[in-house]
Every structure is written in structure tokens, then in C-alpha cells.
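Below is target14.cif, holding mmCIF, C-alpha atoms.
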```cif
data_final
loop_
_atom_site.label_atom_id
_atom_site.label_comp_id
_atom_site.auth_asym_id
_atom_site.auth_seq_id
_atom_site.Cartn_x
_atom_site.Cartn_y
_atom_site.Cartn_z
CA MET C 40 -38.45 -59.43 41.56
CA ASN C 41 -41.15 -60.50 43.99
CA ASN C 42 -42.99 -63.46 42.49
CA ARG C 43 -45.76 -65.06 44.52
CA VAL C 44 -45.04 -68.63 45.65
CA PHE C 45 -47.62 -71.40 45.84
CA VAL C 46 -47.66 -74.96 47.18
CA THR C 47 -48.98 -77.16 44.37
CA GLY C 48 -48.06 -80.61 45.66
CA ILE C 49 -47.49 -82.32 49.02
CA GLY C 50 -46.38 -85.73 50.19
CA ALA C 51 -45.38 -87.43 53.42
CA VAL C 52 -44.15 -90.68 54.89
CA SER C 53 -44.45 -90.45 58.66
CA PRO C 54 -44.98 -92.58 61.76
CA ASN C 55 -48.68 -91.75 61.37
CA GLY C 56 -49.08 -92.86 57.75
CA ASN C 57 -47.28 -93.48 54.49
CA THR C 58 -49.07 -90.70 52.61
CA ALA C 59 -49.85 -87.10 53.48
CA GLU C 60 -53.59 -87.85 53.59
CA ASP C 61 -53.19 -90.89 55.84
CA THR C 62 -50.95 -88.90 58.15
CA TRP C 63 -53.51 -86.10 58.27
CA THR C 64 -56.35 -88.50 59.04
CA SER C 65 -54.34 -89.86 61.97
CA ILE C 66 -53.54 -86.35 63.21
CA LEU C 67 -57.18 -85.25 63.10
CA ALA C 68 -58.13 -88.35 65.06
CA GLY C 69 -55.52 -87.51 67.70
CA ARG C 70 -53.68 -90.80 67.21
CA SER C 71 -50.05 -91.21 68.21
CA GLY C 72 -47.59 -92.77 65.77
CA ILE C 73 -45.10 -93.54 68.54
CA ALA C 74 -44.50 -97.13 69.61
CA THR C 75 -41.91 -99.53 71.01
CA LEU C 76 -39.06 -99.73 68.49
CA GLN C 77 -39.16 -102.88 66.36
CA ASN C 78 -36.15 -102.38 64.09
CA VAL C 79 -33.53 -101.25 66.60
CA ASP C 80 -31.67 -103.40 69.12
CA CYS C 81 -32.74 -101.64 72.31
CA THR C 82 -31.30 -104.22 74.71
CA ASP C 83 -29.13 -101.78 76.65
CA LEU C 84 -30.61 -98.45 75.56
CA SER C 85 -32.33 -96.16 78.05
CA VAL C 86 -34.88 -95.17 75.37
CA THR C 87 -36.77 -97.92 73.59
CA ILE C 88 -39.55 -95.96 71.85
CA GLY C 89 -39.79 -93.81 68.75
CA GLY C 90 -41.78 -92.95 65.66
CA GLU C 91 -40.83 -95.67 63.18
CA ILE C 92 -42.20 -95.93 59.65
CA LYS C 93 -44.61 -98.86 59.45
CA GLY C 94 -45.66 -101.03 56.53
CA PHE C 95 -43.52 -99.19 54.00
CA ASP C 96 -42.36 -101.10 50.92
CA PRO C 97 -39.55 -99.34 49.06
CA LYS C 98 -40.06 -101.64 46.06
CA GLU C 99 -43.12 -99.56 45.17
CA PHE C 100 -40.87 -96.58 44.44
CA LEU C 101 -37.32 -97.79 43.83
CA PRO C 102 -35.51 -100.48 41.83
CA HIS C 103 -33.77 -103.19 43.83
CA VAL C 104 -30.28 -101.88 43.10
CA ASP C 105 -31.16 -98.45 44.51
CA ILE C 106 -32.82 -99.91 47.58
CA ARG C 107 -29.49 -101.56 48.39
CA ARG C 108 -27.48 -98.40 47.69
CA LEU C 109 -29.63 -95.79 49.39
CA SER C 110 -30.36 -95.04 53.04
CA PRO C 111 -33.95 -95.50 54.24
CA TYR C 112 -34.40 -91.74 54.68
CA ILE C 113 -33.93 -91.47 50.90
CA TRP C 114 -36.49 -94.24 50.35
CA TYR C 115 -39.04 -92.22 52.33
CA SER C 116 -38.08 -89.06 50.48
CA VAL C 117 -38.59 -90.63 47.06
CA ALA C 118 -42.05 -91.81 48.14
CA ALA C 119 -43.01 -88.40 49.54
CA SER C 120 -41.72 -86.68 46.41
CA HIS C 121 -43.70 -89.09 44.24
CA GLN C 122 -46.85 -88.00 46.06
CA ALA C 123 -46.06 -84.29 45.70
CA MET C 124 -45.15 -84.59 42.03
CA GLY C 125 -48.08 -86.85 41.26
CA ARG C 126 -50.60 -84.31 42.46
CA SER C 127 -48.91 -81.71 40.30
CA SER C 128 -49.00 -83.85 37.13
CA MET C 129 -45.22 -83.92 37.18
CA SER C 130 -43.55 -86.57 35.06
CA THR C 131 -40.81 -88.82 36.44
CA ALA C 132 -37.62 -90.66 35.50
CA GLY C 133 -36.01 -87.59 33.98
CA GLU C 134 -38.82 -87.07 31.47
CA ASN C 135 -39.63 -83.58 32.67
CA LYS C 136 -42.42 -82.20 30.50
CA ASP C 137 -43.74 -79.62 32.95
CA PHE C 138 -40.84 -77.29 33.70
CA GLU C 139 -37.88 -75.93 31.82
CA PRO C 140 -35.10 -78.06 33.35
CA ARG C 141 -32.85 -75.10 34.11
CA ARG C 142 -35.73 -73.42 35.97
CA PHE C 143 -36.51 -76.40 38.18
CA ALA C 144 -34.59 -77.00 41.43
CA VAL C 145 -34.45 -79.55 44.25
CA LEU C 146 -33.55 -78.75 47.86
CA ALA C 147 -33.03 -81.67 50.24
CA ALA C 148 -33.28 -80.73 53.92
CA THR C 149 -31.81 -83.17 56.44
CA GLY C 150 -30.39 -82.92 59.93
CA TYR C 151 -28.82 -86.35 60.48
CA GLY C 152 -28.71 -87.41 56.83
CA THR C 153 -26.96 -90.67 56.02
CA THR C 154 -25.55 -91.32 59.47
CA GLU C 155 -26.64 -94.97 59.54
CA ALA C 156 -24.84 -95.65 56.24
CA VAL C 157 -21.68 -94.11 57.67
CA HIS C 158 -22.06 -96.11 60.90
CA GLU C 159 -22.35 -99.33 58.91
CA ALA C 160 -19.33 -98.47 56.74
CA THR C 161 -17.27 -97.85 59.88
CA ARG C 162 -18.32 -101.19 61.34
CA ILE C 163 -17.33 -102.94 58.09
CA LEU C 164 -14.01 -101.11 58.00
CA ASP C 165 -13.22 -102.16 61.58
CA THR C 166 -14.27 -105.79 61.19
CA ARG C 167 -13.54 -106.68 57.57
CA GLY C 168 -10.95 -104.15 56.44
CA PRO C 169 -10.81 -101.34 53.86
CA ARG C 170 -11.42 -103.43 50.74
CA ALA C 171 -14.86 -104.39 52.05
CA VAL C 172 -16.08 -100.78 52.32
CA SER C 173 -18.58 -99.97 49.57
CA PRO C 174 -17.85 -97.03 47.22
CA ASN C 175 -21.54 -96.18 47.64
CA VAL C 176 -20.61 -94.44 50.89
CA THR C 177 -18.74 -91.83 48.88
CA ILE C 178 -21.55 -91.42 46.34
CA TYR C 179 -24.59 -91.62 48.61
CA GLY C 180 -23.12 -90.80 52.01
CA GLY C 181 -23.42 -87.02 51.92
CA ALA C 182 -26.24 -84.60 52.69
CA ASP C 183 -26.47 -83.79 48.98
CA ALA C 184 -27.17 -87.41 47.97
CA LEU C 185 -30.94 -87.04 48.15
CA SER C 186 -31.11 -83.85 46.08
CA SER C 187 -28.80 -85.36 43.47
CA TYR C 188 -30.90 -88.52 43.23
CA LEU C 189 -34.17 -86.61 42.90
CA GLY C 190 -32.61 -84.22 40.40
CA VAL C 191 -31.92 -87.16 38.12
CA GLN C 192 -35.37 -88.63 38.76
CA TYR C 193 -37.18 -85.44 37.78
CA GLY C 194 -34.82 -83.90 35.26
CA ALA C 195 -34.03 -80.88 37.45
CA MET C 196 -31.07 -78.94 36.08
CA GLY C 197 -31.36 -75.96 38.40
CA THR C 198 -29.90 -75.92 41.89
CA THR C 199 -29.84 -79.33 43.59
CA HIS C 200 -28.21 -79.33 46.97
CA GLY C 201 -28.57 -80.23 50.63
CA ILE C 202 -29.53 -77.93 53.50
CA SER C 203 -28.89 -78.60 57.18
CA ALA C 204 -29.95 -76.50 60.17
CA ALA C 205 -30.68 -79.12 62.84
CA CYS C 206 -34.39 -79.25 63.74
CA ALA C 207 -35.15 -76.08 61.77
CA THR C 208 -33.90 -77.69 58.55
CA GLY C 209 -37.23 -78.45 56.87
CA THR C 210 -38.57 -74.94 57.38
CA VAL C 211 -35.29 -73.39 56.24
CA GLY C 212 -35.49 -75.50 53.07
CA ILE C 213 -38.99 -74.22 52.29
CA GLY C 214 -37.98 -70.66 53.08
CA GLU C 215 -34.89 -70.72 50.89
CA ALA C 216 -36.88 -72.28 48.05
CA THR C 217 -39.44 -69.50 48.44
CA ARG C 218 -36.69 -66.91 48.09
CA MET C 219 -35.35 -68.64 44.98
CA ILE C 220 -38.72 -68.41 43.28
CA ARG C 221 -39.52 -64.93 44.52
CA HIS C 222 -36.32 -63.49 43.16
CA GLY C 223 -36.53 -65.24 39.82
CA TYR C 224 -33.91 -67.96 40.16
CA ALA C 225 -36.41 -70.78 39.62
CA ASP C 226 -39.95 -71.38 38.44
CA ALA C 227 -40.41 -74.42 40.68
CA VAL C 228 -38.59 -76.05 43.56
CA LEU C 229 -39.14 -79.48 45.06
CA VAL C 230 -38.33 -79.30 48.78
CA VAL C 231 -37.91 -82.53 50.73
CA GLY C 232 -37.25 -82.75 54.46
CA ALA C 233 -36.08 -86.16 55.63
CA ASP C 234 -34.35 -87.96 58.48
CA ASP C 235 -33.95 -91.48 59.82
CA SER C 236 -32.01 -91.36 63.06
CA LEU C 237 -33.60 -94.32 64.80
CA ASN C 238 -30.40 -96.29 65.30
CA ARG C 239 -28.37 -97.24 68.34
CA GLN C 240 -25.75 -94.53 68.06
CA ASP C 241 -28.08 -91.58 67.52
CA ILE C 242 -30.54 -92.74 70.16
CA ALA C 243 -27.74 -93.30 72.70
CA SER C 244 -26.12 -89.95 72.00
CA THR C 245 -29.34 -87.94 72.18
CA ALA C 246 -30.51 -89.82 75.27
CA ASN C 247 -27.18 -89.10 76.97
CA LEU C 248 -27.79 -85.44 76.18
CA ARG C 249 -30.98 -85.86 78.26
CA ALA C 250 -33.07 -84.51 75.41
CA LEU C 251 -35.24 -87.62 74.89
CA ALA C 252 -38.27 -88.71 76.90
CA SER C 253 -36.96 -91.73 78.79
CA ASN C 254 -39.56 -92.28 81.51
CA ARG C 255 -42.43 -93.66 79.43
CA ASN C 256 -40.91 -96.64 77.61
CA ASP C 257 -43.88 -98.66 78.88
CA ALA C 258 -46.42 -96.16 77.50
CA PRO C 259 -45.04 -94.93 74.17
CA THR C 260 -48.19 -93.19 72.94
CA LYS C 261 -48.13 -91.02 76.07
CA ALA C 262 -44.45 -90.11 75.87
CA SER C 263 -44.58 -86.99 73.67
CA ARG C 264 -46.16 -84.36 75.90
CA PRO C 265 -45.55 -80.82 74.64
CA PHE C 266 -46.56 -78.10 77.11
CA ASP C 267 -47.62 -80.66 79.74
CA ARG C 268 -46.23 -80.42 83.26
CA ASP C 269 -45.14 -84.05 83.04
CA ARG C 270 -43.13 -83.63 79.84
CA SER C 271 -39.61 -85.05 79.98
CA GLY C 272 -38.15 -84.60 76.50
CA PHE C 273 -38.89 -85.25 72.85
CA VAL C 274 -39.50 -88.54 71.08
CA MET C 275 -37.30 -89.20 68.05
CA SER C 276 -39.00 -90.18 64.80
CA SER C 277 -38.18 -90.99 61.19
CA GLY C 278 -39.82 -89.90 57.96
CA ALA C 279 -39.96 -87.48 55.09
CA ALA C 280 -42.21 -84.76 53.73
CA ALA C 281 -42.16 -83.06 50.33
CA LEU C 282 -43.64 -79.86 48.95
CA LEU C 283 -43.61 -78.66 45.37
CA LEU C 284 -43.43 -74.87 45.23
CA GLU C 285 -44.21 -72.91 42.06
CA SER C 286 -44.26 -69.31 40.95
CA GLU C 287 -47.53 -67.66 40.01
CA ARG C 288 -46.43 -67.62 36.38
CA SER C 289 -45.72 -71.36 36.46
CA VAL C 290 -49.11 -72.06 38.04
CA GLU C 291 -50.87 -70.06 35.35
CA LYS C 292 -48.85 -71.65 32.55
CA ARG C 293 -49.47 -75.21 33.72
CA GLY C 294 -53.00 -74.65 34.96
CA SER C 295 -52.13 -76.31 38.26
CA ALA C 296 -54.31 -75.90 41.34
CA PRO C 297 -52.47 -74.27 44.28
CA MET C 298 -53.16 -75.63 47.74
CA ALA C 299 -51.75 -72.68 49.70
CA GLU C 300 -49.51 -69.65 49.30
CA ILE C 301 -46.16 -69.23 51.05
CA LEU C 302 -46.58 -65.71 52.32
CA GLY C 303 -43.61 -65.10 54.61
CA TYR C 304 -40.36 -66.56 55.89
CA GLY C 305 -38.07 -65.50 58.70
CA CYS C 306 -34.90 -67.05 60.09
CA SER C 307 -32.39 -66.18 62.78
CA SER C 308 -29.69 -67.54 65.06
CA ASP C 309 -29.62 -67.34 68.84
CA ALA C 310 -25.84 -66.88 69.08
CA HIS C 311 -26.27 -68.26 72.58
CA HIS C 312 -25.57 -71.98 73.17
CA ALA C 313 -24.94 -75.27 71.37
CA THR C 314 -28.18 -76.86 72.57
CA ALA C 315 -30.15 -74.57 74.89
CA PRO C 316 -32.48 -71.96 73.37
CA HIS C 317 -32.03 -68.32 74.26
CA PRO C 318 -33.68 -67.97 77.69
CA ASP C 319 -35.82 -65.06 76.49
CA GLY C 320 -36.70 -66.72 73.19
CA LEU C 321 -34.90 -63.91 71.38
CA GLY C 322 -33.97 -65.78 68.21
CA ALA C 323 -37.40 -67.38 67.99
CA SER C 324 -39.17 -64.04 68.28
CA LEU C 325 -36.87 -62.57 65.62
CA ALA C 326 -37.74 -65.38 63.20
CA MET C 327 -41.48 -64.88 63.73
CA SER C 328 -41.22 -61.09 63.47
CA ASP C 329 -39.15 -61.35 60.29
CA ALA C 330 -41.71 -63.73 58.78
CA LEU C 331 -44.49 -61.22 59.47
CA VAL C 332 -42.46 -58.41 57.92
CA ASP C 333 -41.68 -60.60 54.92
CA ALA C 334 -45.39 -61.39 54.53
CA HIS C 335 -46.36 -57.70 54.86
CA ILE C 336 -49.05 -58.52 57.39
CA PRO C 337 -49.69 -57.57 61.04
CA ALA C 338 -49.46 -60.17 63.80
CA SER C 339 -53.25 -59.94 64.22
CA ASP C 340 -53.69 -61.74 60.86
CA ILE C 341 -52.38 -65.05 62.24
CA ASP C 342 -55.23 -67.48 62.97
CA TYR C 343 -53.22 -70.49 64.17
CA ILE C 344 -49.64 -71.35 65.18
CA ASN C 345 -48.15 -74.78 64.63
CA ALA C 346 -45.60 -74.71 67.43
CA HIS C 347 -42.17 -76.30 67.37
CA GLY C 348 -43.43 -77.80 70.62
CA THR C 349 -40.94 -80.57 71.29
CA GLY C 350 -41.89 -81.43 74.86
CA THR C 351 -38.60 -80.36 76.41
CA ALA C 352 -38.87 -78.05 79.40
CA TYR C 353 -36.77 -75.25 77.93
CA ASN C 354 -38.14 -75.30 74.38
CA ASP C 355 -41.80 -75.16 75.34
CA ALA C 356 -41.35 -72.31 77.82
CA THR C 357 -39.12 -70.18 75.61
CA GLU C 358 -41.28 -70.69 72.52
CA LEU C 359 -44.37 -69.43 74.32
CA LYS C 360 -42.36 -66.55 75.73
CA ALA C 361 -41.27 -65.67 72.19
CA ILE C 362 -44.84 -65.93 70.90
CA SER C 363 -45.96 -63.54 73.65
CA GLU C 364 -43.19 -61.15 72.68
CA VAL C 365 -44.40 -61.06 69.07
CA PHE C 366 -48.16 -61.27 69.59
CA SER C 367 -48.43 -59.40 72.90
CA ASP C 368 -51.77 -59.86 74.70
CA ALA C 369 -53.23 -61.70 71.69
CA ALA C 370 -50.81 -64.59 72.26
CA THR C 371 -53.17 -66.24 74.72
CA GLN C 372 -56.10 -66.00 72.26
CA ILE C 373 -54.47 -67.64 69.22
CA PRO C 374 -54.87 -71.43 68.92
CA ILE C 375 -51.41 -72.99 69.30
CA SER C 376 -50.78 -76.73 68.98
CA SER C 377 -47.92 -79.18 68.66
CA THR C 378 -48.42 -82.00 66.18
CA LYS C 379 -45.20 -83.52 67.54
CA SER C 380 -47.40 -84.82 70.35
CA MET C 381 -48.59 -87.37 67.74
CA THR C 382 -45.77 -87.67 65.20
CA GLY C 383 -42.81 -87.32 67.53
CA HIS C 384 -39.88 -85.21 66.36
CA LEU C 385 -38.76 -85.91 62.78
CA LEU C 386 -35.72 -83.64 63.26
CA GLY C 387 -34.67 -82.32 59.83
CA ALA C 388 -38.01 -83.45 58.38
CA ALA C 389 -40.13 -81.88 61.12
CA GLY C 390 -40.57 -78.44 59.57
CA ALA C 391 -41.46 -79.87 56.17
CA LEU C 392 -44.03 -82.26 57.65
CA GLU C 393 -45.55 -79.51 59.77
CA ALA C 394 -45.78 -77.24 56.71
CA VAL C 395 -47.67 -80.04 54.94
CA LEU C 396 -50.02 -80.30 57.94
CA CYS C 397 -50.55 -76.52 57.85
CA VAL C 398 -51.49 -76.74 54.16
CA LEU C 399 -54.07 -79.39 55.05
CA ALA C 400 -55.32 -77.39 58.04
CA LEU C 401 -55.98 -74.46 55.70
CA ARG C 402 -57.69 -76.73 53.19
CA ASP C 403 -59.98 -78.37 55.75
CA GLN C 404 -60.37 -75.36 58.08
CA VAL C 405 -59.40 -77.30 61.18
CA VAL C 406 -56.79 -76.87 63.91
CA PRO C 407 -54.94 -80.10 64.81
CA PRO C 408 -54.72 -80.96 68.51
CA THR C 409 -52.00 -81.30 71.11
CA ILE C 410 -52.58 -84.74 72.58
CA ASN C 411 -51.31 -85.86 76.00
CA LEU C 412 -51.90 -82.34 77.33
CA ASP C 413 -53.45 -83.61 80.54
CA ASN C 414 -52.02 -81.01 82.92
CA SER C 415 -50.98 -77.88 81.07
CA ASP C 416 -47.95 -76.04 82.37
CA PHE C 417 -49.22 -72.96 80.54
CA PRO C 418 -52.99 -72.80 81.18
CA GLU C 419 -53.27 -69.21 80.01
CA TYR C 420 -52.56 -70.26 76.39
CA ASP C 421 -55.01 -71.95 74.01
CA LEU C 422 -52.99 -75.11 73.30
CA VAL C 423 -55.88 -77.09 71.72
CA PRO C 424 -55.75 -80.10 74.05
CA HIS C 425 -56.68 -83.60 72.90
CA THR C 426 -59.16 -82.88 70.10
CA ALA C 427 -59.00 -81.21 66.68
CA ARG C 428 -61.09 -78.08 66.35
CA GLY C 429 -62.90 -76.54 63.42
CA ALA C 430 -61.88 -72.92 62.85
CA LYS C 431 -61.90 -70.19 60.25
CA LEU C 432 -58.29 -70.21 59.06
CA THR C 433 -56.89 -67.74 56.57
CA THR C 434 -53.26 -67.34 57.64
CA VAL C 435 -51.14 -69.69 59.77
CA LEU C 436 -47.64 -69.67 61.21
CA SER C 437 -45.33 -72.68 61.56
CA ASN C 438 -42.28 -72.58 63.84
CA SER C 439 -39.09 -74.67 63.79
CA PHE C 440 -36.18 -74.21 66.20
CA GLY C 441 -33.07 -76.34 66.47
CA PHE C 442 -29.90 -77.13 68.36
CA GLY C 443 -27.19 -74.65 67.52
CA GLY C 444 -29.66 -71.78 67.84
CA HIS C 445 -31.26 -72.19 64.41
CA ASN C 446 -34.70 -70.59 64.16
CA ALA C 447 -37.12 -70.45 61.24
CA SER C 448 -40.75 -69.45 60.83
CA LEU C 449 -43.06 -69.82 57.86
CA ILE C 450 -46.38 -68.14 57.12
CA LEU C 451 -48.91 -69.81 54.83
CA ARG C 452 -52.19 -68.42 53.51
CA VAL C 453 -55.31 -70.11 52.20
CA ILE C 454 -56.13 -69.94 48.50
CA SER C 455 -59.31 -67.87 48.26
#
```
Is it possible to express this structure as C-alpha cells?
Amino acid sequence: MNNRVFVTGIGAVSPNGNTAEDTWTSILAGRSGIATLQNVDCTDLSVTIGGEIKGFDPKEFLPHVDIRRLSPYIWYSVAASHQAMGRSSMSTAGENKDFEPRRFAVLAATGYGTTEAVHEATRILDTRGPRAVSPNVTIYGGADALSSYLGVQYGAMGTTHGISAACATGTVGIGEATRMIRHGYADAVLVVGADDSLNRQDIASTANLRALASNRNDAPTKASRPFDRDRSGFVMSSGAAALLLESERSVEKRGSAPMAEILGYGCSSDAHHATAPHPDGLGASLAMSDALVDAHIPASDIDYINAHGTGTAYNDATELKAISEVFSDAATQIPISSTKSMTGHLLGAAGALEAVLCVLALRDQVVPPTINLDNSDFPEYDLVPHTARGAKLTTVLSNSFGFGGHNASLILRVIS
């Protein structure tokens, strides 16, 4: 079977806003969501900035008992899912009136998952002993916890499980959900990408890997600098993004209004190194090429590329090399931008958030900018510096690449 797949609902909780629309407004204005960390003890850390969630009240979405049990990344996920389901007239609290339960699935995509909950349990074990460790760590401490919780919330009796592929996780989640619908295993899939790694251990570890921007603690909004000659690493952020995907038959049955079509998906592995991308961008180019083949379109159909664009020296260079491999001479003519320049890097949530932004770019016919691109290291490419740009967009490509050599690309098309 080859069912068409549509996005019918979106939601986001990001450093730039606690809804998808607020996030998008911030992106179009070229505003950074990165600031000095307020909720992390940064006393002896080399990195003191990040993309924290601001002004979020979990009591709007969760009962008190669940707020205590669940990690913040699940709080954000529930809120993002509520937005996506709300737009799609989806009922909540297990009262699913829109989909046959066995034909409705939930995929939770996370890179770091519940690491903070595990850190806290370890501290309690070491200081107070084993009897003080909460059993909630067993129940809600795994990568599947989010999908299980949302499955109960929305009465989903199809597949509910976790997906992890480092920084490619969100895009992999959307791609695998697309395949499920295409091949008839589900009528609808809620995909949520989420991470909350802004804690002392994860910041220290990633900073010691020399992957984080550490030289602009005094100017946080200027720290994320994809493709700029003065880039020094990525900026870690927290948040969640959700997309509700439906088959064409489901859309027709429910009378829902699609926002975009998922046209193609490609994924690959570098088989090269634990952290460094393939020097020739081989895995990245394979993912993009496979997405084009899956979409049954030529490379010339792509009007905009939302780059992985982390701001690390190796990633930026190899991604553009891979884009040139796939798009040949046209690579320098296609608008390419990195929204991570504003949101920072949401890790496992990044691909999901960037897919949401691509849906909104198609809706509003505008290319989001790459801010902080003051001195481009790649002047031959159209990297959309500083300011959003109106454009005729029909088909867009979103890239996500991660540690471990995980690569995933997604192609979305406007609803005409």
C-alpha cells in the first residue's frame, strides 16, 4: 500500500515560545531564544547559556500528581501534543472519538530522555539509601515513558513506543510514522520529539566533548552561529514539538484540514565515527537522495532546505558538501537556513520542531533566516542571513544529522 500522509496538527514548546505560533512569530522576527541559564547551577561550568523554556506552567496541562512523577521533557511534550490534537479536533483523556483505537499510534522521539530523573535517583540512592528511591524511576524513567503516557491520554491502542537516534531522532520519528501510515499499519500517528538536557551532568559532558559554544557566555543571543566563520559549537536547548499525521482516507473521513503533505523520507548511517560526521558528507547525501527517491521528485523541485546547521565546524561544512553532492550546481541557488541560530539545538526534539517550522513556512510562503551570520564561511551559498524572506514555496527539505552517524531527511509539500 502507498497511502498519502498529511500533517493535520502541530504543536511546540520551545525556547522561543510555548506554542507553535508563538515560536514561529519569534523565528520570523529573527529573535534568539538563548539566554543565561536560570534553572541550572552553573557555578563551575564552562558553559552557562542555553535555550530554556520560559514562563511554562505545567498545571495547565497536567494534574499535580503527574507533575511530580514526570520529567519536564514530558511536561513539554504533553503541552505540544495538546496543541497538535486540539487543532485536529482530537478528544483527550482516553475518550478517543476520532480514530479507531487500534489504528492510532504514538511515537515518542527523544535523544536524552529522562536523564535528569535518573541523575536525581542516583543522588538519592547515594545520599539516602535504596529505600528512598522512588518506584517512579522504573515506570517513568525509560524512553518509552512519554509514548505510554500519551497513549493513555489519547486512547491510542496501536503502536506506542520510543525512538532514539541522537540529533536525528525527531526526523526519524516522523519518517517512521509516515511509513506506518503509508503501508497501512495505522490511520494516524502522533509524533512527539522532546528533550530536556539542560542539567549539570549533560552540559558538563557535552562541553568536555568540545561540542558546545563556550566563548560567548556573556552574549548568549550571539552564541549560535551556524555557517559563520566565528562559530564555535552548538547551543543546547530544551523543548518539544508534536505533529499529528493522518492518512488521506482518515482526512477525508474526518473532514480535517491538512497543513502539509509528508512527501518523502530518507535515512542512513555514516558507519564512520562516534561523533564526527563522514568527511565527505556521505551519509547525509544518502539520506537526502533517498528522500527524493521516496518522494518521486527530482532535486530541482526543492525550493528551500532547513539545514541541520548546528554551528559546529565539521557539521556545517560537511552538510553543505552533501547538499552540493545531491543538488550539484543548483546547491548555491537554493535558500538554505538554520533555525538553530535562534532556537539552539533541541537534540532529539530538533527534527520535530524544524518539521513544524517547515509546515509553517509552506503555509506562510516565507523562508526563515539564519541569524548571527555576520561573516559567512560559505559565501557562495544562499544562507538567508539575518532576515526572513518571502518566497514561493511548494516543496521543502528538512535535514537532521546526529552523533553516531545517524542521518535523516524529510520532504514536505504544500497543500494546493
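Among C:Gly387, C:Gly89, C:Gly50, C:Gly294, the residue with the shortest atom-to-atom distance to C:Gly212, counting all atoms listed in the file, is C:Gly387.
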Inset, instruction - Decode the PyMOL selection byres ((chain C and resi 257) around 9) for the given file into explicit residues and return them as an MDAnalysis selection string. - result: chainID C and resid 75 87:88 254:256 258:259
Output for the residues just chosen: C-alpha atoms as a short mmCIF file (atom, residue, chain, number, x, y, z; two decimals), in the frame of the given file:
```cif
data_model
loop_
_atom_site.label_atom_id
_atom_site.label_comp_id
_atom_site.auth_asym_id
_atom_site.auth_seq_id
_atom_site.Cartn_x
_atom_site.Cartn_y
_atom_site.Cartn_z
CA THR C 75 -41.91 -99.53 71.01
CA THR C 87 -36.77 -97.92 73.59
CA ILE C 88 -39.55 -95.96 71.85
CA ASN C 254 -39.56 -92.28 81.51
CA ARG C 255 -42.43 -93.66 79.43
CA ASN C 256 -40.91 -96.64 77.61
CA ALA C 258 -46.42 -96.16 77.50
CA PRO C 259 -45.04 -94.93 74.17
#
```
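Residues in contact with C:Asp267 at 7 Å, where only C-alpha atoms are counted and same-chain residues fewer than 2 positions away are skipped, are listed as C:Arg264, C:Pro265, C:Asp269, C:Arg270, C:Leu412, C:Asp413, C:Asn414, C:Ser415, C:Asp416.
Atom pair atom CA of C:Ala356 / atom CA of C:Asp319: separated by 9.2 Å.
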Legend entry - Residue members of the PyMOL selection byres ((chain C and resi 74) around 12) in the file shown, as a VMD selection string: chain C and resid 54 to 55 70 to 73 75 to 78 86 to 93 255 to 263 274 to 276 381 to 383
Export of stretch 144-157 of chain C: N, CA and C atoms, as a compact mmCIF listing (two decimals), in the first residue's frame:
```txt
# COMPACT_ATOMS: atom_id res chain seq x y z
N ALA C 144 -1.61 5.45 16.61
CA ALA C 144 -0.33 5.14 17.24
C ALA C 144 0.34 6.41 17.77
N VAL C 145 1.29 6.20 18.69
CA VAL C 145 2.08 7.30 19.25
C VAL C 145 3.55 6.91 19.18
N LEU C 146 4.37 7.79 18.60
CA LEU C 146 5.82 7.59 18.59
C LEU C 146 6.46 8.75 19.34
N ALA C 147 7.22 8.44 20.36
CA ALA C 147 7.93 9.45 21.15
C ALA C 147 9.40 9.40 20.80
N ALA C 148 9.91 10.52 20.30
CA ALA C 148 11.30 10.60 19.84
C ALA C 148 12.11 11.42 20.82
N THR C 149 13.11 10.82 21.43
CA THR C 149 13.94 11.54 22.40
C THR C 149 15.37 11.04 22.35
N GLY C 150 16.31 11.97 22.47
CA GLY C 150 17.71 11.60 22.49
C GLY C 150 18.21 11.34 23.90
N TYR C 151 18.03 12.31 24.80
CA TYR C 151 18.49 12.18 26.18
C TYR C 151 17.43 11.59 27.09
N GLY C 152 16.15 11.81 26.76
CA GLY C 152 15.08 11.21 27.54
C GLY C 152 15.06 11.67 28.98
N THR C 153 14.90 10.72 29.88
CA THR C 153 14.69 11.04 31.30
C THR C 153 16.00 11.06 32.09
N THR C 154 17.04 11.59 31.49
CA THR C 154 18.34 11.53 32.17
C THR C 154 18.33 12.26 33.51
N GLU C 155 17.64 13.40 33.60
CA GLU C 155 17.64 14.15 34.86
C GLU C 155 16.97 13.35 35.97
N ALA C 156 15.89 12.61 35.64
CA ALA C 156 15.22 11.78 36.64
C ALA C 156 16.16 10.69 37.14
N VAL C 157 16.93 10.12 36.24
CA VAL C 157 17.89 9.08 36.63
C VAL C 157 19.02 9.68 37.45
```
